[in-house]
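*Asks:* First the structure, then my questions, so here it is.
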Amino acid sequence: MIALILDLDGVICDTAHFHFLAWERLAAEYGYQLTQDDNEKLKGVSRADSLKFILKLANKTLTHSEFDADLVRKNEWYLELVKDMGPSDVLPGVPEFFAQVDDLKLPLALGSASKNATMVLTRVGLVEAFDAIVDAGHVKQGKPHPETFLTAADMIGFPPSQCLVFEDSAAGVQAAIAGGMRAIGIGKPEDLPGAIMHINNLGEFDFDFLDEL
Ligand code: B16
Ligand code: MG
């Protein structure tokens, strides 16, 4: 049997866009216009590493306390953007995908780099669907390190070779591969090298494919 490990932002809900809007606002304060290309590199990257990346792009330095304060401000803006999310705010095909997982009784874990993962999952009404939830609070090393997915695999009791990861970020696909897992890319092949298949959303996944693994 194959176990599934899902990323959250950009796979289950469109929170990747809300992260972008919050970072864009902060980058503008540094005099830098954040682009969609920059954003591709931020997907799946932890909050602190994302800020370090933006500071480099903006050629800006902050003191430790300014750095910490800006992390808090970015998160406050993000929380404001997600506060009205509800069960209808999932990406296309998500309800059908979860119905299939339930029908087939497939083990399911979450592997997210977000400290807000459980809160977002609760808002969209999917927290109970998971056998295990691993977020940034559970791991020392974020994606592209494999710790997030290895911890998830361990919690559901499956070896990496029997886990299939669904990811919208390059860092996440790399993390899955580094952990000895296969990954399905949610997005364009050029943005997600190494994934064994690319789809636009979870609804396009054909569960018969699991028999080939
Ligand atoms: P937070 P995922 C990641 O979540 C996002 O892709 C990334 O853009 C964000 O910076 C990171 O979580 C940290 O999120 O600020 O909420 O802790 O895609 O791994 O589910
Ligand atoms: Mg993601």
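Chain identifiers are assigned as A, B, and so on, following the order in which chains appear in the structure tokens; residues are numbered from 1 within each chain, and ligands are numbered from 1 in order of appearance.
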Taking the DSSP assignment computed from this structure's backbone, write out as a list in words all residues of range 9-164 of chain A that belong to strand (DSSP E).

*Replies:*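 Residues of range 9-164 of chain A classed as strand (DSSP E): Leu108, Ala109, Leu110, Gly111, Ala132, Ile133, Val134, Cys163 and Leu164 of chain A.
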
*Asks:* Please identify all polymer residues within 10 Å of Lys188 in chain A, counting only C-alpha atoms, omitting same-chain residues fewer than 6 positions from it, and present them as an NGL selection string.

*Replies:* :A and (168 or 197-200)

*Asks:* For Thr151 in chain A, find every residue with an atom within 9 Å (counting only C-alpha atoms), except residues of its own chain fewer than 2 positions away, and show them as a ChimeraX atom specification.

*Replies:* /A:111,134,138-139,146-149,153-156

*Asks:* Can you list, as a list of chain:residue names, every protein, DNA or RNA residue that comes within 9 Å of Asp191 in chain A when you count only C-alpha atoms, leaving out same-chain residues fewer than 4 positions away?

*Replies:*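 Counting only the stated atoms, we get A:Glu40, A:Asp168, A:Ser169, A:Ala170, A:Gly185, A:Gly187.
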
*Asks:* Create the file for the chosen residues now, containing N, CA, C and O atoms and written as a PDB file, in the first residue's frame.

*Replies:*
ATOM      1  N   GLU A  40       8.186  31.886  -6.531  1.00  0.00           N
ATOM      2  CA  GLU A  40       8.392  30.449  -6.775  1.00  0.00           C
ATOM      3  C   GLU A  40       9.481  29.919  -5.845  1.00  0.00           C
ATOM      4  O   GLU A  40       9.390  28.810  -5.333  1.00  0.00           O
ATOM      5  N   ASP A 168       3.774  21.679  -4.237  1.00  0.00           N
ATOM      6  CA  ASP A 168       3.745  22.756  -5.246  1.00  0.00           C
ATOM      7  C   ASP A 168       5.059  23.539  -5.254  1.00  0.00           C
ATOM      8  O   ASP A 168       5.173  24.511  -5.991  1.00  0.00           O
ATOM      9  N   SER A 169       6.031  23.154  -4.411  1.00  0.00           N
ATOM     10  CA  SER A 169       7.269  23.938  -4.340  1.00  0.00           C
ATOM     11  C   SER A 169       8.476  23.121  -4.762  1.00  0.00           C
ATOM     12  O   SER A 169       8.531  21.901  -4.538  1.00  0.00           O
ATOM     13  N   ALA A 170       9.450  23.822  -5.352  1.00  0.00           N
ATOM     14  CA  ALA A 170      10.700  23.169  -5.736  1.00  0.00           C
ATOM     15  C   ALA A 170      11.406  22.633  -4.490  1.00  0.00           C
ATOM     16  O   ALA A 170      11.923  21.504  -4.481  1.00  0.00           O
ATOM     17  N   GLY A 185       4.212  16.710  -8.667  1.00  0.00           N
ATOM     18  CA  GLY A 185       4.304  18.168  -8.672  1.00  0.00           C
ATOM     19  C   GLY A 185       2.969  18.801  -9.002  1.00  0.00           C
ATOM     20  O   GLY A 185       2.325  18.425  -9.985  1.00  0.00           O
ATOM     21  N   GLY A 187       1.873  21.854 -10.385  1.00  0.00           N
ATOM     22  CA  GLY A 187       2.426  23.033 -11.050  1.00  0.00           C
ATOM     23  C   GLY A 187       3.154  22.640 -12.312  1.00  0.00           C
ATOM     24  O   GLY A 187       3.002  21.519 -12.819  1.00  0.00           O
TER      25      GLY A 187
END

*Asks:* How would you write, as a PDB file with C-alpha atoms, in the first residue's frame, the set of residues no farther than 9 Å from ligand 1 when counting only C-alpha atoms and all ligand atoms?

*Replies:*
ATOM      1  CA  LEU A   6       0.321  16.326   1.293  1.00  0.00           C
ATOM      2  CA  ASP A   7       1.842  19.759   1.450  1.00  0.00           C
ATOM      3  CA  LEU A   8      -0.632  22.462   2.521  1.00  0.00           C
ATOM      4  CA  ASP A   9      -0.008  25.885   0.980  1.00  0.00           C
ATOM      5  CA  GLY A  10      -0.566  25.705  -2.775  1.00  0.00           C
ATOM      6  CA  VAL A  11      -1.754  22.074  -2.686  1.00  0.00           C
ATOM      7  CA  ILE A  12      -4.839  22.074  -0.445  1.00  0.00           C
ATOM      8  CA  THR A  15      -2.602  30.276   0.875  1.00  0.00           C
ATOM      9  CA  ALA A  16       0.597  30.452  -1.240  1.00  0.00           C
ATOM     10  CA  HIS A  17      -0.976  33.555  -2.758  1.00  0.00           C
ATOM     11  CA  PHE A  18      -1.636  35.068   0.693  1.00  0.00           C
ATOM     12  CA  HIS A  19       1.993  34.410   1.709  1.00  0.00           C
ATOM     13  CA  PHE A  20       3.035  36.215  -1.480  1.00  0.00           C
ATOM     14  CA  TRP A  23       5.850  39.236   1.622  1.00  0.00           C
ATOM     15  CA  ASN A  39       7.745  33.822  -5.110  1.00  0.00           C
ATOM     16  CA  GLU A  40       8.392  30.449  -6.775  1.00  0.00           C
ATOM     17  CA  LYS A  41      11.650  30.308  -4.785  1.00  0.00           C
ATOM     18  CA  LEU A  42       9.849  31.220  -1.554  1.00  0.00           C
ATOM     19  CA  LYS A  43       7.267  28.441  -1.781  1.00  0.00           C
ATOM     20  CA  GLY A  44       7.810  25.803   0.883  1.00  0.00           C
ATOM     21  CA  VAL A  45      10.572  27.875   2.503  1.00  0.00           C
ATOM     22  CA  SER A  46      10.272  28.644   6.241  1.00  0.00           C
ATOM     23  CA  ARG A  47       9.257  32.108   7.415  1.00  0.00           C
ATOM     24  CA  ALA A  48      12.734  33.091   8.642  1.00  0.00           C
ATOM     25  CA  ASP A  49      14.536  31.711   5.566  1.00  0.00           C
ATOM     26  CA  SER A  50      12.035  33.536   3.342  1.00  0.00           C
ATOM     27  CA  LEU A  51      12.828  36.838   5.052  1.00  0.00           C
ATOM     28  CA  LEU A  71       8.619  38.227  10.918  1.00  0.00           C
ATOM     29  CA  LYS A  74       4.460  39.542   8.018  1.00  0.00           C
ATOM     30  CA  ASN A  75       2.594  36.856   9.955  1.00  0.00           C
ATOM     31  CA  TYR A  78      -0.926  36.786   6.571  1.00  0.00           C
ATOM     32  CA  LEU A  79      -3.322  35.961   9.434  1.00  0.00           C
ATOM     33  CA  LEU A 110       0.411  16.469   6.168  1.00  0.00           C
ATOM     34  CA  GLY A 111       3.969  17.733   5.675  1.00  0.00           C
ATOM     35  CA  SER A 112       3.954  21.535   5.752  1.00  0.00           C
ATOM     36  CA  ALA A 113       6.612  24.174   6.406  1.00  0.00           C
ATOM     37  CA  SER A 114       3.972  26.473   7.879  1.00  0.00           C
ATOM     38  CA  LYS A 115       3.572  27.181  11.586  1.00  0.00           C
ATOM     39  CA  ASN A 116      -0.029  28.076  10.724  1.00  0.00           C
ATOM     40  CA  ALA A 117      -0.811  24.689   9.146  1.00  0.00           C
ATOM     41  CA  ASP A 135       4.377  21.311  10.480  1.00  0.00           C
ATOM     42  CA  ALA A 136       7.253  23.706  11.146  1.00  0.00           C
ATOM     43  CA  GLY A 137       6.800  23.231  14.897  1.00  0.00           C
ATOM     44  CA  GLY A 142      12.820  22.889   6.894  1.00  0.00           C
ATOM     45  CA  LYS A 143      12.413  21.945   3.232  1.00  0.00           C
ATOM     46  CA  GLU A 167       4.034  19.364  -3.522  1.00  0.00           C
ATOM     47  CA  ASP A 168       3.745  22.756  -5.246  1.00  0.00           C
ATOM     48  CA  SER A 169       7.269  23.938  -4.340  1.00  0.00           C
ATOM     49  CA  ALA A 171      12.046  23.017  -2.156  1.00  0.00           C
ATOM     50  CA  GLY A 172       9.348  20.471  -1.259  1.00  0.00           C
TER      51      GLY A 172
END

*Asks:* Of the candidates A:Pro144, A:Gly180, A:Pro87, A:Gly194, which one gets nearest to ligand 2 if we count only C-alpha atoms and all ligand atoms?

*Replies:*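 Closest to ligand 2 of all the choices is A:Pro144.
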
*Asks:* Give me, as a PDB file with all heavy atoms, in the first residue's frame, all polymer residues having an atom no more than 10 Å from Tyr30 in chain A, counting only C-alpha atoms and skipping those fewer than 4 positions away in the same chain.

*Replies:*
ATOM      1  N   GLU A  24       5.122  40.530  -0.287  1.00  0.00           N
ATOM      2  CA  GLU A  24       5.212  41.635  -1.249  1.00  0.00           C
ATOM      3  C   GLU A  24       5.112  42.977  -0.519  1.00  0.00           C
ATOM      4  O   GLU A  24       5.846  43.919  -0.814  1.00  0.00           O
ATOM      5  CB  GLU A  24       4.068  41.496  -2.266  1.00  0.00           C
ATOM      6  CG  GLU A  24       4.124  42.466  -3.415  1.00  0.00           C
ATOM      7  CD  GLU A  24       2.863  42.379  -4.277  1.00  0.00           C
ATOM      8  OE1 GLU A  24       1.743  42.246  -3.740  1.00  0.00           O
ATOM      9  OE2 GLU A  24       3.012  42.443  -5.502  1.00  0.00           O
ATOM     10  N   ARG A  25       4.208  43.024   0.473  1.00  0.00           N
ATOM     11  CA  ARG A  25       4.017  44.254   1.248  1.00  0.00           C
ATOM     12  C   ARG A  25       5.274  44.602   2.048  1.00  0.00           C
ATOM     13  O   ARG A  25       5.698  45.753   2.093  1.00  0.00           O
ATOM     14  CB  ARG A  25       2.812  44.039   2.183  1.00  0.00           C
ATOM     15  CG  ARG A  25       2.447  45.246   2.983  1.00  0.00           C
ATOM     16  CD  ARG A  25       1.117  45.005   3.699  1.00  0.00           C
ATOM     17  NE  ARG A  25       0.886  46.040   4.688  1.00  0.00           N
ATOM     18  CZ  ARG A  25      -0.136  46.044   5.527  1.00  0.00           C
ATOM     19  NH1 ARG A  25      -1.023  45.075   5.496  1.00  0.00           N
ATOM     20  NH2 ARG A  25      -0.285  47.013   6.409  1.00  0.00           N
ATOM     21  N   LEU A  26       5.882  43.573   2.639  1.00  0.00           N
ATOM     22  CA  LEU A  26       7.104  43.824   3.419  1.00  0.00           C
ATOM     23  C   LEU A  26       8.254  44.238   2.496  1.00  0.00           C
ATOM     24  O   LEU A  26       8.970  45.204   2.777  1.00  0.00           O
ATOM     25  CB  LEU A  26       7.475  42.552   4.204  1.00  0.00           C
ATOM     26  CG  LEU A  26       8.492  42.724   5.317  1.00  0.00           C
ATOM     27  CD1 LEU A  26       8.012  43.708   6.384  1.00  0.00           C
ATOM     28  CD2 LEU A  26       8.787  41.372   5.970  1.00  0.00           C
ATOM     29  N   ILE A  54      14.516  37.507   0.992  1.00  0.00           N
ATOM     30  CA  ILE A  54      13.994  38.806   0.527  1.00  0.00           C
ATOM     31  C   ILE A  54      14.979  39.932   0.873  1.00  0.00           C
ATOM     32  O   ILE A  54      15.198  40.851   0.078  1.00  0.00           O
ATOM     33  CB  ILE A  54      12.596  39.063   1.133  1.00  0.00           C
ATOM     34  CG1 ILE A  54      11.593  38.123   0.472  1.00  0.00           C
ATOM     35  CG2 ILE A  54      12.160  40.516   0.946  1.00  0.00           C
ATOM     36  CD1 ILE A  54      10.251  38.036   1.148  1.00  0.00           C
ATOM     37  N   LEU A  55      15.588  39.844   2.048  1.00  0.00           N
ATOM     38  CA  LEU A  55      16.557  40.884   2.431  1.00  0.00           C
ATOM     39  C   LEU A  55      17.735  40.909   1.456  1.00  0.00           C
ATOM     40  O   LEU A  55      18.237  41.973   1.095  1.00  0.00           O
ATOM     41  CB  LEU A  55      17.051  40.647   3.863  1.00  0.00           C
ATOM     42  CG  LEU A  55      15.999  40.961   4.938  1.00  0.00           C
ATOM     43  CD1 LEU A  55      16.459  40.458   6.304  1.00  0.00           C
ATOM     44  CD2 LEU A  55      15.706  42.467   5.001  1.00  0.00           C
ATOM     45  N   LEU A  57      17.585  39.985  -1.740  1.00  0.00           N
ATOM     46  CA  LEU A  57      17.073  40.574  -2.988  1.00  0.00           C
ATOM     47  C   LEU A  57      16.997  42.104  -2.878  1.00  0.00           C
ATOM     48  O   LEU A  57      17.290  42.822  -3.831  1.00  0.00           O
ATOM     49  CB  LEU A  57      15.663  40.043  -3.295  1.00  0.00           C
ATOM     50  CG  LEU A  57      15.523  38.578  -3.690  1.00  0.00           C
ATOM     51  CD1 LEU A  57      14.046  38.211  -3.797  1.00  0.00           C
ATOM     52  CD2 LEU A  57      16.212  38.311  -5.021  1.00  0.00           C
ATOM     53  N   ALA A  58      16.580  42.571  -1.710  1.00  0.00           N
ATOM     54  CA  ALA A  58      16.392  44.011  -1.507  1.00  0.00           C
ATOM     55  C   ALA A  58      17.696  44.694  -1.113  1.00  0.00           C
ATOM     56  O   ALA A  58      17.732  45.920  -0.966  1.00  0.00           O
ATOM     57  CB  ALA A  58      15.333  44.243  -0.433  1.00  0.00           C
ATOM     58  N   ASN A  59      18.755  43.893  -0.927  1.00  0.00           N
ATOM     59  CA  ASN A  59      20.049  44.429  -0.513  1.00  0.00           C
ATOM     60  C   ASN A  59      19.910  45.253   0.773  1.00  0.00           C
ATOM     61  O   ASN A  59      20.373  46.387   0.860  1.00  0.00           O
ATOM     62  CB  ASN A  59      20.611  45.293  -1.661  1.00  0.00           C
ATOM     63  CG  ASN A  59      22.114  45.386  -1.550  1.00  0.00           C
ATOM     64  OD1 ASN A  59      22.722  44.663  -0.770  1.00  0.00           O
ATOM     65  ND2 ASN A  59      22.706  46.289  -2.322  1.00  0.00           N
ATOM     66  N   LYS A  60      19.262  44.645   1.738  1.00  0.00           N
ATOM     67  CA  LYS A  60      18.902  45.361   2.965  1.00  0.00           C
ATOM     68  C   LYS A  60      19.393  44.545   4.167  1.00  0.00           C
ATOM     69  O   LYS A  60      19.363  43.309   4.140  1.00  0.00           O
ATOM     70  CB  LYS A  60      17.370  45.487   2.973  1.00  0.00           C
ATOM     71  CG  LYS A  60      16.738  45.904   4.236  1.00  0.00           C
ATOM     72  CD  LYS A  60      16.165  47.296   4.121  1.00  0.00           C
ATOM     73  CE  LYS A  60      15.576  47.748   5.441  1.00  0.00           C
ATOM     74  NZ  LYS A  60      15.652  49.177   5.654  1.00  0.00           N
ATOM     75  N   THR A  61      19.854  45.227   5.206  1.00  0.00           N
ATOM     76  CA  THR A  61      20.219  44.502   6.433  1.00  0.00           C
ATOM     77  C   THR A  61      19.335  44.989   7.584  1.00  0.00           C
ATOM     78  O   THR A  61      18.946  46.157   7.614  1.00  0.00           O
ATOM     79  CB  THR A  61      21.702  44.710   6.812  1.00  0.00           C
ATOM     80  OG1 THR A  61      22.004  46.089   6.696  1.00  0.00           O
ATOM     81  CG2 THR A  61      22.632  43.902   5.934  1.00  0.00           C
TER      82      THR A  61
END

*Asks:* Extract the full set of alpha helix (DSSP H) residues from range 74-169 of chain A according to DSSP on the backbone, and format it as number ranges by chain.

*Replies:* A: 74-82, 94-104, 117-123, 147-156

*Asks:* Do you know which residues are at most 9 Å from Arg123 in chain A counting only C-alpha atoms, after dropping those on the same chain fewer than 6 positions away, and could you put them as a ChimeraX atom specification?

*Replies:* /A:82-87,89

*Asks:* Skipping near chain neighbours, those fewer than 5 positions away, what residues fall within 7 Å of Asp131 in chain A using only C-alpha atoms, listed as a short mmCIF file (atom, residue, chain, number, x, y, z; two decimals) with N, CA and C atoms, in the first residue's frame?

*Replies:*
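The resulting file, result-v7.cif, is shown below:
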data_model
loop_
_atom_site.label_atom_id
_atom_site.label_comp_id
_atom_site.auth_asym_id
_atom_site.auth_seq_id
_atom_site.Cartn_x
_atom_site.Cartn_y
_atom_site.Cartn_z
N PRO A 107 -3.65 5.77 3.93
CA PRO A 107 -3.03 6.55 5.01
C PRO A 107 -2.66 7.94 4.48
N LEU A 108 -2.90 8.96 5.30
CA LEU A 108 -2.72 10.34 4.83
C LEU A 108 -2.04 11.18 5.91
N ALA A 109 -0.96 11.87 5.50
CA ALA A 109 -0.27 12.76 6.44
C ALA A 109 -0.08 14.13 5.80
N ILE A 156 3.14 7.84 10.45
CA ILE A 156 2.10 6.94 9.94
C ILE A 156 2.63 5.52 9.74
#

*Asks:* Can you work out which one of A:Ala132, A:Met181, A:Leu34, A:Ile186 has the shortest atom-to-atom distance to ligand 2, counting only C-alpha atoms and all ligand atoms?

*Replies:*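 Smallest separation from ligand 2 among the options: A:Ile186.
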
*Asks:* Measuring atom to atom with only C-alpha atoms and all ligand atoms, identify which of A:Tyr32, A:Phe166, A:Phe130, A:Phe67 is nearest to ligand 2.

*Replies:* A:Phe166
